[in-house]
Amino acid sequence: MAQGMHTHEDGTKTVGSFSLEAAKVRPELRSGIDKPYFESLLTQLNENGYVIIEKLISTEAVEKIKEEMLGFMEYDGRNDFEGYKTRRMYSVIERSFACNPLIDHPLILALLDSVLMQNYLLSQMQAINVYPGEVRQPLHHDDSFYPIARPRAPLGAATIWAIDDFKADNGATMVLPKSHSWGDRQPTDIDPDELIPAVMPAGSVVFFLGTTWHCAGANNTDQPRMAVTAQYCEPWARQQENFSLSISKERAKLCSDEIQSMLGYSMLYPFIGFVNGRDPKRLLK
């Protein structure tokens, strides 16, 4: 049991006056979300560890993202994980707001509301362009760097948005269905045919849990394949990207309230994330 944790007669657990159960209470479904459709997505997510949602953003939004991202993607990756024929753009919000509607899309937030504790954070964001000749990325799951043994609930979730059409031969994300429920099993013994390419048209998104094994596929075509990924984490977990340093306060001020909170201008009450003992959101006023 964690230091300072107390289990009450009714079974609830508190640390000081903070209720762990209360922190996990799910908010009401966000307005404008079709409940039966949402429930079908959530069922697929829970069963398979991922779900594909087609054509969630417009062609105009896709074209704007592609135009703005390309100018910043100049260098190939530095290792087999980044990809030696793959180019990435980090600190996206500092350079462009074109991807912001992907971060706080209402349907994505509704799924996150059902997966993570309230006040979850944006863990990292990248634009990724997989060039012809790139080989398949090593299989991984996105919350593997948190040193907590599996099987367990995911400590994060991620989206990969198709800015170009995702095809089986151009580097579409490869997902290993149901691997989110694995314990300490490694995917070294799997048949490659078990990997499912997230084939989807531009403007679509694959949403998966942080415990789901996946990778970028090989690009065997003569055209690059661009994506944008946003990863999220529990509000008590350290973010992969240090947004307090990579995103200026001036840029953060221009983001939506949701994105400001997810960048770290928020708290997991009563103690995590404060600045001078107070909510950091006041720094943006």
# chains A, B, ... in the order shown; residues from 1 in each chain; ligands from 1
$ residues_around --residues "range 240-246 of chain A" --least-positions-apart "6" --cutoff "6 Å" --atoms "only C-alpha atoms" --output "VMD selection string"
chain A and resid 91 123 to 124
$ select_by_dssp --residues "range 8-114 of chain A" --states "strand (DSSP E)" --output "PyMOL selection string"
chain A and resi 13-15+18-19+50-53+86-89
$ write_last_selection --atoms "C-alpha atoms" --output "PDB file, in the first residue's frame"
ATOM      1  CA  LYS A  13      -9.014   4.486  -0.635  1.00  0.00           C
ATOM      2  CA  THR A  14      -7.668   7.906   0.199  1.00  0.00           C
ATOM      3  CA  VAL A  15      -4.266   9.520   0.334  1.00  0.00           C
ATOM      4  CA  PHE A  18      -7.707  12.695  -1.810  1.00  0.00           C
ATOM      5  CA  SER A  19     -10.024   9.887  -2.987  1.00  0.00           C
ATOM      6  CA  TYR A  50      -7.265  -0.192 -30.909  1.00  0.00           C
ATOM      7  CA  VAL A  51      -9.983   1.256 -33.102  1.00  0.00           C
ATOM      8  CA  ILE A  52      -9.916   2.991 -36.492  1.00  0.00           C
ATOM      9  CA  ILE A  53     -12.148   6.012 -37.076  1.00  0.00           C
ATOM     10  CA  THR A  86      11.846   8.799 -41.651  1.00  0.00           C
ATOM     11  CA  ARG A  87      11.650  12.485 -40.788  1.00  0.00           C
ATOM     12  CA  ARG A  88      10.029  13.846 -37.638  1.00  0.00           C
ATOM     13  CA  MET A  89       8.929  17.212 -36.349  1.00  0.00           C
TER      14      MET A  89
END
$ closest_atom_pairs --of "range 155-209 of chain A" --to "range 228-231 of chain A" --cutoff "12 Å" --atoms "only C-alpha atoms" --output "JSON lines"
{"residue": "A:Leu155", "atom": "CA", "partner": "A:Gln231", "partner_atom": "CA", "distance": 10.8}
{"residue": "A:Gly156", "atom": "CA", "partner": "A:Gln231", "partner_atom": "CA", "distance": 7.2}
{"residue": "A:Ala157", "atom": "CA", "partner": "A:Gln231", "partner_atom": "CA", "distance": 5.9}
{"residue": "A:Ala158", "atom": "CA", "partner": "A:Gln231", "partner_atom": "CA", "distance": 4.2}
{"residue": "A:Thr159", "atom": "CA", "partner": "A:Ala230", "partner_atom": "CA", "distance": 5.3}
{"residue": "A:Ile160", "atom": "CA", "partner": "A:Thr229", "partner_atom": "CA", "distance": 4.4}
{"residue": "A:Trp161", "atom": "CA", "partner": "A:Val228", "partner_atom": "CA", "distance": 5.1}
{"residue": "A:Ala162", "atom": "CA", "partner": "A:Val228", "partner_atom": "CA", "distance": 6.9}
{"residue": "A:Ile163", "atom": "CA", "partner": "A:Val228", "partner_atom": "CA", "distance": 7.0}
{"residue": "A:Asp164", "atom": "CA", "partner": "A:Val228", "partner_atom": "CA", "distance": 10.0}
{"residue": "A:Thr173", "atom": "CA", "partner": "A:Thr229", "partner_atom": "CA", "distance": 11.0}
{"residue": "A:Ala202", "atom": "CA", "partner": "A:Val228", "partner_atom": "CA", "distance": 11.0}
{"residue": "A:Gly203", "atom": "CA", "partner": "A:Val228", "partner_atom": "CA", "distance": 10.4}
{"residue": "A:Ser204", "atom": "CA", "partner": "A:Val228", "partner_atom": "CA", "distance": 10.7}
{"residue": "A:Val205", "atom": "CA", "partner": "A:Thr229", "partner_atom": "CA", "distance": 9.2}
{"residue": "A:Val206", "atom": "CA", "partner": "A:Thr229", "partner_atom": "CA", "distance": 9.5}
{"residue": "A:Phe207", "atom": "CA", "partner": "A:Gln231", "partner_atom": "CA", "distance": 9.7}
{"residue": "A:Phe208", "atom": "CA", "partner": "A:Gln231", "partner_atom": "CA", "distance": 9.7}
{"residue": "A:Leu209", "atom": "CA", "partner": "A:Gln231", "partner_atom": "CA", "distance": 9.7}
$ write_last_selection --atoms "C-alpha atoms" --output "PDB file, in the first residue's frame"
ATOM      1  CA  LEU A 155      -1.049   4.358 -18.410  1.00  0.00           C
ATOM      2  CA  GLY A 156      -1.579   6.227 -21.629  1.00  0.00           C
ATOM      3  CA  ALA A 157      -3.292   6.204 -25.011  1.00  0.00           C
ATOM      4  CA  ALA A 158      -2.322   7.447 -28.447  1.00  0.00           C
ATOM      5  CA  THR A 159      -3.674   8.610 -31.772  1.00  0.00           C
ATOM      6  CA  ILE A 160      -2.026   8.292 -35.162  1.00  0.00           C
ATOM      7  CA  TRP A 161      -3.683  10.480 -37.773  1.00  0.00           C
ATOM      8  CA  ALA A 162      -3.351   9.678 -41.467  1.00  0.00           C
ATOM      9  CA  ILE A 163      -2.254  12.813 -43.326  1.00  0.00           C
ATOM     10  CA  ASP A 164      -1.657  10.669 -46.415  1.00  0.00           C
ATOM     11  CA  THR A 173       0.835   1.586 -38.678  1.00  0.00           C
ATOM     12  CA  ALA A 202      -6.273  10.557 -45.185  1.00  0.00           C
ATOM     13  CA  GLY A 203      -8.142  12.376 -42.419  1.00  0.00           C
ATOM     14  CA  SER A 204      -8.709   9.162 -40.441  1.00  0.00           C
ATOM     15  CA  VAL A 205      -7.208   8.144 -37.121  1.00  0.00           C
ATOM     16  CA  VAL A 206      -6.239   4.977 -35.283  1.00  0.00           C
ATOM     17  CA  PHE A 207      -6.684   5.243 -31.508  1.00  0.00           C
ATOM     18  CA  PHE A 208      -4.935   2.668 -29.347  1.00  0.00           C
ATOM     19  CA  LEU A 209      -4.149   1.953 -25.728  1.00  0.00           C
TER      20      LEU A 209
END
$ residues_around --residues "range 134-137 of chain A" --least-positions-apart "2" --cutoff "8 Å" --atoms "only C-alpha atoms" --output "NGL selection string"
:A and (80-86 or 130-132 or 139 or 171 or 215-220)
$ write_last_selection --atoms "N, CA and C atoms" --output "PDB file, in the first residue's frame"
ATOM      1  N   ASP A  80      17.178   3.138 -35.356  1.00  0.00           N
ATOM      2  CA  ASP A  80      16.198   2.292 -36.038  1.00  0.00           C
ATOM      3  C   ASP A  80      14.779   2.526 -35.536  1.00  0.00           C
ATOM      4  N   PHE A  81      14.629   3.133 -34.346  1.00  0.00           N
ATOM      5  CA  PHE A  81      13.282   3.436 -33.860  1.00  0.00           C
ATOM      6  C   PHE A  81      12.726   4.673 -34.578  1.00  0.00           C
ATOM      7  N   GLU A  82      13.517   5.747 -34.636  1.00  0.00           N
ATOM      8  CA  GLU A  82      13.070   6.933 -35.372  1.00  0.00           C
ATOM      9  C   GLU A  82      12.977   6.636 -36.866  1.00  0.00           C
ATOM     10  N   GLY A  83      13.842   5.762 -37.351  1.00  0.00           N
ATOM     11  CA  GLY A  83      13.857   5.404 -38.757  1.00  0.00           C
ATOM     12  C   GLY A  83      14.875   6.223 -39.526  1.00  0.00           C
ATOM     13  N   TYR A  84      15.791   5.545 -40.208  1.00  0.00           N
ATOM     14  CA  TYR A  84      16.834   6.257 -40.943  1.00  0.00           C
ATOM     15  C   TYR A  84      16.313   6.887 -42.234  1.00  0.00           C
ATOM     16  N   LYS A  85      15.105   6.502 -42.644  1.00  0.00           N
ATOM     17  CA  LYS A  85      14.464   7.118 -43.805  1.00  0.00           C
ATOM     18  C   LYS A  85      13.109   7.697 -43.417  1.00  0.00           C
ATOM     19  N   THR A  86      13.055   8.182 -42.189  1.00  0.00           N
ATOM     20  CA  THR A  86      11.846   8.799 -41.651  1.00  0.00           C
ATOM     21  C   THR A  86      12.216  10.150 -41.066  1.00  0.00           C
ATOM     22  N   VAL A 130       7.250   9.017 -43.335  1.00  0.00           N
ATOM     23  CA  VAL A 130       7.968   7.784 -43.647  1.00  0.00           C
ATOM     24  C   VAL A 130       8.268   7.767 -45.144  1.00  0.00           C
ATOM     25  N   TYR A 131       9.551   7.773 -45.502  1.00  0.00           N
ATOM     26  CA  TYR A 131       9.957   7.889 -46.900  1.00  0.00           C
ATOM     27  C   TYR A 131      10.134   6.513 -47.548  1.00  0.00           C
ATOM     28  N   PRO A 132      10.110   6.467 -48.879  1.00  0.00           N
ATOM     29  CA  PRO A 132      10.309   5.197 -49.591  1.00  0.00           C
ATOM     30  C   PRO A 132      11.598   4.504 -49.152  1.00  0.00           C
ATOM     31  N   LEU A 139       8.674  -3.346 -33.031  1.00  0.00           N
ATOM     32  CA  LEU A 139       7.415  -3.390 -32.278  1.00  0.00           C
ATOM     33  C   LEU A 139       7.621  -2.814 -30.882  1.00  0.00           C
ATOM     34  N   GLY A 171       3.744   1.960 -45.379  1.00  0.00           N
ATOM     35  CA  GLY A 171       4.173   2.282 -44.029  1.00  0.00           C
ATOM     36  C   GLY A 171       3.054   2.510 -43.047  1.00  0.00           C
ATOM     37  N   CYS A 215       3.697  -0.823 -34.497  1.00  0.00           N
ATOM     38  CA  CYS A 215       4.886  -0.242 -35.113  1.00  0.00           C
ATOM     39  C   CYS A 215       4.488   0.397 -36.433  1.00  0.00           C
ATOM     40  N   ALA A 216       5.364   1.217 -36.977  1.00  0.00           N
ATOM     41  CA  ALA A 216       5.179   1.717 -38.341  1.00  0.00           C
ATOM     42  C   ALA A 216       5.617   0.621 -39.307  1.00  0.00           C
ATOM     43  N   GLY A 217       4.873   0.460 -40.386  1.00  0.00           N
ATOM     44  CA  GLY A 217       5.215  -0.540 -41.380  1.00  0.00           C
ATOM     45  C   GLY A 217       6.311  -0.062 -42.318  1.00  0.00           C
ATOM     46  N   ALA A 218       6.777  -0.966 -43.175  1.00  0.00           N
ATOM     47  CA  ALA A 218       7.774  -0.628 -44.193  1.00  0.00           C
ATOM     48  C   ALA A 218       7.098   0.140 -45.327  1.00  0.00           C
ATOM     49  N   ASN A 219       7.807   1.110 -45.867  1.00  0.00           N
ATOM     50  CA  ASN A 219       7.291   1.843 -47.026  1.00  0.00           C
ATOM     51  C   ASN A 219       7.944   1.288 -48.289  1.00  0.00           C
ATOM     52  N   ASN A 220       7.188   0.455 -48.997  1.00  0.00           N
ATOM     53  CA  ASN A 220       7.689  -0.181 -50.210  1.00  0.00           C
ATOM     54  C   ASN A 220       7.178   0.501 -51.477  1.00  0.00           C
TER      55      ASN A 220
END
$ residues_around --residues "range 265-277 of chain A" --least-positions-apart "3" --cutoff "7 Å" --atoms "only C-alpha atoms" --output "list of chain:residue names"
A:Asn119, A:Pro235, A:Trp236, A:Gln260, A:Ser261, A:Met262, A:Pro280, A:Lys281
$ residues_around --residues "range 198-200 of chain A" --least-positions-apart "4" --cutoff "6 Å" --atoms "only C-alpha atoms" --output "PDB file with C-alpha atoms, in the first residue's frame"
ATOM      1  CA  PHE A 166      -2.430   4.676 -45.018  1.00  0.00           C
ATOM      2  CA  LYS A 167      -1.898   1.596 -47.185  1.00  0.00           C
ATOM      3  CA  ALA A 172       0.733   2.158 -42.428  1.00  0.00           C
ATOM      4  CA  THR A 173       0.835   1.586 -38.678  1.00  0.00           C
TER       5      THR A 173
END
$ residues_around --residues "range 179-191 of chain A" --least-positions-apart "4" --cutoff "12 Å" --atoms "only C-alpha atoms" --output "number ranges by chain"
A: 45-50, 138-144, 148-157, 175, 195-196, 208-215
$ write_last_selection --atoms "C-alpha atoms" --output "PDB file, in the first residue's frame"
ATOM      1  CA  LEU A  45     -11.073  -0.452 -28.304  1.00  0.00           C
ATOM      2  CA  ASN A  46     -11.538  -2.568 -25.199  1.00  0.00           C
ATOM      3  CA  GLU A  47     -11.675  -5.830 -27.165  1.00  0.00           C
ATOM      4  CA  ASN A  48      -8.799  -5.286 -29.593  1.00  0.00           C
ATOM      5  CA  GLY A  49      -6.673  -2.551 -27.984  1.00  0.00           C
ATOM      6  CA  TYR A  50      -7.265  -0.192 -30.909  1.00  0.00           C
ATOM      7  CA  PRO A 138      10.572  -2.266 -34.064  1.00  0.00           C
ATOM      8  CA  LEU A 139       7.415  -3.390 -32.278  1.00  0.00           C
ATOM      9  CA  HIS A 140       6.708  -1.480 -29.076  1.00  0.00           C
ATOM     10  CA  HIS A 141       3.935  -0.278 -26.790  1.00  0.00           C
ATOM     11  CA  ASP A 142       3.815   3.401 -25.939  1.00  0.00           C
ATOM     12  CA  ASP A 143       3.749   3.274 -22.138  1.00  0.00           C
ATOM     13  CA  SER A 144       6.596   0.747 -21.896  1.00  0.00           C
ATOM     14  CA  ILE A 148       5.210  -0.894 -13.850  1.00  0.00           C
ATOM     15  CA  ALA A 149       4.789  -4.605 -14.585  1.00  0.00           C
ATOM     16  CA  ARG A 150       2.161  -5.942 -16.951  1.00  0.00           C
ATOM     17  CA  PRO A 151      -0.579  -7.068 -17.123  1.00  0.00           C
ATOM     18  CA  ARG A 152      -2.079  -3.772 -16.044  1.00  0.00           C
ATOM     19  CA  ALA A 153      -4.369  -1.005 -17.158  1.00  0.00           C
ATOM     20  CA  PRO A 154      -2.835   1.305 -19.769  1.00  0.00           C
ATOM     21  CA  LEU A 155      -1.049   4.358 -18.410  1.00  0.00           C
ATOM     22  CA  GLY A 156      -1.579   6.227 -21.629  1.00  0.00           C
ATOM     23  CA  ALA A 157      -3.292   6.204 -25.011  1.00  0.00           C
ATOM     24  CA  VAL A 175      -1.140  -3.195 -34.837  1.00  0.00           C
ATOM     25  CA  LEU A 195       0.113  -7.730 -37.521  1.00  0.00           C
ATOM     26  CA  ILE A 196      -2.821  -5.786 -38.934  1.00  0.00           C
ATOM     27  CA  PHE A 208      -4.935   2.668 -29.347  1.00  0.00           C
ATOM     28  CA  LEU A 209      -4.149   1.953 -25.728  1.00  0.00           C
ATOM     29  CA  GLY A 210      -0.686   2.462 -24.285  1.00  0.00           C
ATOM     30  CA  THR A 211      -0.319  -1.292 -23.727  1.00  0.00           C
ATOM     31  CA  THR A 212      -1.045  -2.254 -27.354  1.00  0.00           C
ATOM     32  CA  TRP A 213       1.948  -3.506 -29.351  1.00  0.00           C
ATOM     33  CA  HIS A 214       2.359  -1.755 -32.711  1.00  0.00           C
ATOM     34  CA  CYS A 215       4.886  -0.242 -35.113  1.00  0.00           C
TER      35      CYS A 215
END
$ atom_distance --atom1 "CA of Tyr120 in chain A" --atom2 "CA of Lys55 in chain A"
25.3 Å
$ residues_around --residues "Ser31 in chain A" --least-positions-apart "6" --cutoff "12 Å" --atoms "only C-alpha atoms" --output "list in words"
Phe38, Pro106, Leu107, Leu109 and Ala110 of chain A
$ atom_distance --atom1 "CA of Phe145 in chain A" --atom2 "CA of Cys233 in chain A"
11.9 Å
$ decode --residues "range 39-185 of chain A" --atoms "C-alpha atoms" --output "short mmCIF file (atom, residue, chain, number, x, y, z; two decimals), in the first residue's frame"
data_model
loop_
_atom_site.label_atom_id
_atom_site.label_comp_id
_atom_site.auth_asym_id
_atom_site.auth_seq_id
_atom_site.Cartn_x
_atom_site.Cartn_y
_atom_site.Cartn_z
CA GLU A 39 -20.16 2.86 -27.40
CA SER A 40 -19.36 0.78 -30.50
CA LEU A 41 -15.93 2.45 -30.75
CA LEU A 42 -15.27 1.87 -27.07
CA THR A 43 -16.24 -1.80 -27.39
CA GLN A 44 -13.77 -2.27 -30.26
CA LEU A 45 -11.07 -0.45 -28.30
CA ASN A 46 -11.54 -2.57 -25.20
CA GLU A 47 -11.67 -5.83 -27.17
CA ASN A 48 -8.80 -5.29 -29.59
CA GLY A 49 -6.67 -2.55 -27.98
CA TYR A 50 -7.27 -0.19 -30.91
CA VAL A 51 -9.98 1.26 -33.10
CA ILE A 52 -9.92 2.99 -36.49
CA ILE A 53 -12.15 6.01 -37.08
CA GLU A 54 -12.35 7.03 -40.72
CA LYS A 55 -12.53 10.54 -42.16
CA LEU A 56 -12.66 12.38 -38.84
CA ILE A 57 -11.15 15.62 -40.20
CA SER A 58 -11.72 17.41 -43.49
CA THR A 59 -9.60 17.34 -46.63
CA GLU A 60 -8.90 21.04 -46.08
CA ALA A 61 -7.55 20.38 -42.59
CA VAL A 62 -5.35 17.56 -43.91
CA GLU A 63 -3.93 19.76 -46.66
CA LYS A 64 -3.17 22.57 -44.21
CA ILE A 65 -1.35 20.20 -41.86
CA LYS A 66 0.68 18.69 -44.67
CA GLU A 67 1.67 22.08 -46.06
CA GLU A 68 2.79 23.43 -42.69
CA MET A 69 4.55 20.28 -41.44
CA LEU A 70 6.66 19.64 -44.53
CA GLY A 71 8.64 22.84 -44.08
CA PHE A 72 9.94 21.68 -40.70
CA MET A 73 10.82 18.07 -41.55
CA GLU A 74 14.38 18.30 -42.84
CA TYR A 75 16.40 15.55 -41.16
CA ASP A 76 16.28 11.77 -41.22
CA GLY A 77 16.01 9.83 -37.98
CA ARG A 78 19.01 8.92 -35.82
CA ASN A 79 18.29 5.27 -34.97
CA ASP A 80 16.20 2.29 -36.04
CA PHE A 81 13.28 3.44 -33.86
CA GLU A 82 13.07 6.93 -35.37
CA GLY A 83 13.86 5.40 -38.76
CA TYR A 84 16.83 6.26 -40.94
CA LYS A 85 14.46 7.12 -43.80
CA THR A 86 11.85 8.80 -41.65
CA ARG A 87 11.65 12.49 -40.79
CA ARG A 88 10.03 13.85 -37.64
CA MET A 89 8.93 17.21 -36.35
CA TYR A 90 8.92 17.76 -32.59
CA SER A 91 7.66 20.77 -30.56
CA VAL A 92 4.77 20.98 -33.01
CA ILE A 93 2.69 23.58 -31.16
CA GLU A 94 5.64 25.96 -30.95
CA ARG A 95 5.80 26.04 -34.75
CA SER A 96 2.22 25.50 -35.89
CA PHE A 97 -1.34 25.37 -34.58
CA ALA A 98 -2.53 23.34 -37.58
CA CYS A 99 -2.55 20.10 -35.57
CA ASN A 100 -4.32 21.49 -32.50
CA PRO A 101 -7.77 20.31 -33.67
CA LEU A 102 -6.40 16.76 -33.63
CA ILE A 103 -5.28 17.01 -30.01
CA ASP A 104 -8.61 18.15 -28.62
CA HIS A 105 -11.05 16.62 -31.11
CA PRO A 106 -14.24 15.98 -29.10
CA LEU A 107 -14.51 12.31 -30.08
CA ILE A 108 -10.88 11.66 -29.13
CA LEU A 109 -11.38 13.41 -25.80
CA ALA A 110 -14.50 11.32 -25.17
CA LEU A 111 -12.47 8.13 -25.67
CA LEU A 112 -9.72 9.46 -23.41
CA ASP A 113 -12.33 10.29 -20.76
CA SER A 114 -13.19 6.59 -20.71
CA VAL A 115 -9.61 5.31 -20.60
CA LEU A 116 -7.66 7.67 -18.32
CA MET A 117 -8.22 9.56 -15.08
CA GLN A 118 -9.59 13.06 -15.25
CA ASN A 119 -7.08 15.84 -16.02
CA TYR A 120 -4.99 13.53 -18.24
CA LEU A 121 -2.05 15.13 -20.04
CA LEU A 122 -0.64 15.36 -23.53
CA SER A 123 2.55 13.30 -23.33
CA GLN A 124 4.05 14.08 -26.72
CA MET A 125 3.18 15.14 -30.25
CA GLN A 126 5.01 14.60 -33.52
CA ALA A 127 4.57 14.85 -37.26
CA ILE A 128 6.17 11.84 -38.95
CA ASN A 129 6.95 11.31 -42.62
CA VAL A 130 7.97 7.78 -43.65
CA TYR A 131 9.96 7.89 -46.90
CA PRO A 132 10.31 5.20 -49.59
CA GLY A 133 12.68 2.42 -48.61
CA GLU A 134 12.02 2.69 -44.87
CA VAL A 135 11.93 -0.68 -43.11
CA ARG A 136 9.41 -1.78 -40.50
CA GLN A 137 9.87 -0.09 -37.12
CA PRO A 138 10.57 -2.27 -34.06
CA LEU A 139 7.41 -3.39 -32.28
CA HIS A 140 6.71 -1.48 -29.08
CA HIS A 141 3.94 -0.28 -26.79
CA ASP A 142 3.81 3.40 -25.94
CA ASP A 143 3.75 3.27 -22.14
CA SER A 144 6.60 0.75 -21.90
CA PHE A 145 8.97 3.29 -20.33
CA TYR A 146 6.86 3.47 -17.15
CA PRO A 147 8.46 0.79 -14.90
CA ILE A 148 5.21 -0.89 -13.85
CA ALA A 149 4.79 -4.61 -14.59
CA ARG A 150 2.16 -5.94 -16.95
CA PRO A 151 -0.58 -7.07 -17.12
CA ARG A 152 -2.08 -3.77 -16.04
CA ALA A 153 -4.37 -1.01 -17.16
CA PRO A 154 -2.84 1.31 -19.77
CA LEU A 155 -1.05 4.36 -18.41
CA GLY A 156 -1.58 6.23 -21.63
CA ALA A 157 -3.29 6.20 -25.01
CA ALA A 158 -2.32 7.45 -28.45
CA THR A 159 -3.67 8.61 -31.77
CA ILE A 160 -2.03 8.29 -35.16
CA TRP A 161 -3.68 10.48 -37.77
CA ALA A 162 -3.35 9.68 -41.47
CA ILE A 163 -2.25 12.81 -43.33
CA ASP A 164 -1.66 10.67 -46.42
CA ASP A 165 -3.68 7.57 -47.16
CA PHE A 166 -2.43 4.68 -45.02
CA LYS A 167 -1.90 1.60 -47.19
CA ALA A 168 -0.53 -1.86 -46.47
CA ASP A 169 2.56 -1.15 -48.59
CA ASN A 170 3.36 2.49 -47.74
CA GLY A 171 4.17 2.28 -44.03
CA ALA A 172 0.73 2.16 -42.43
CA THR A 173 0.84 1.59 -38.68
CA MET A 174 0.88 -2.14 -37.88
CA VAL A 175 -1.14 -3.20 -34.84
CA LEU A 176 -1.12 -6.46 -32.91
CA PRO A 177 -4.77 -7.02 -31.92
CA LYS A 178 -5.52 -7.94 -28.31
CA SER A 179 -1.89 -7.48 -27.26
CA HIS A 180 -3.03 -4.79 -24.81
CA SER A 181 -3.99 -7.56 -22.39
CA TRP A 182 -0.63 -9.37 -22.49
CA GLY A 183 1.46 -9.76 -19.37
CA ASP A 184 5.23 -9.85 -19.73
CA ARG A 185 5.07 -11.65 -23.08
#
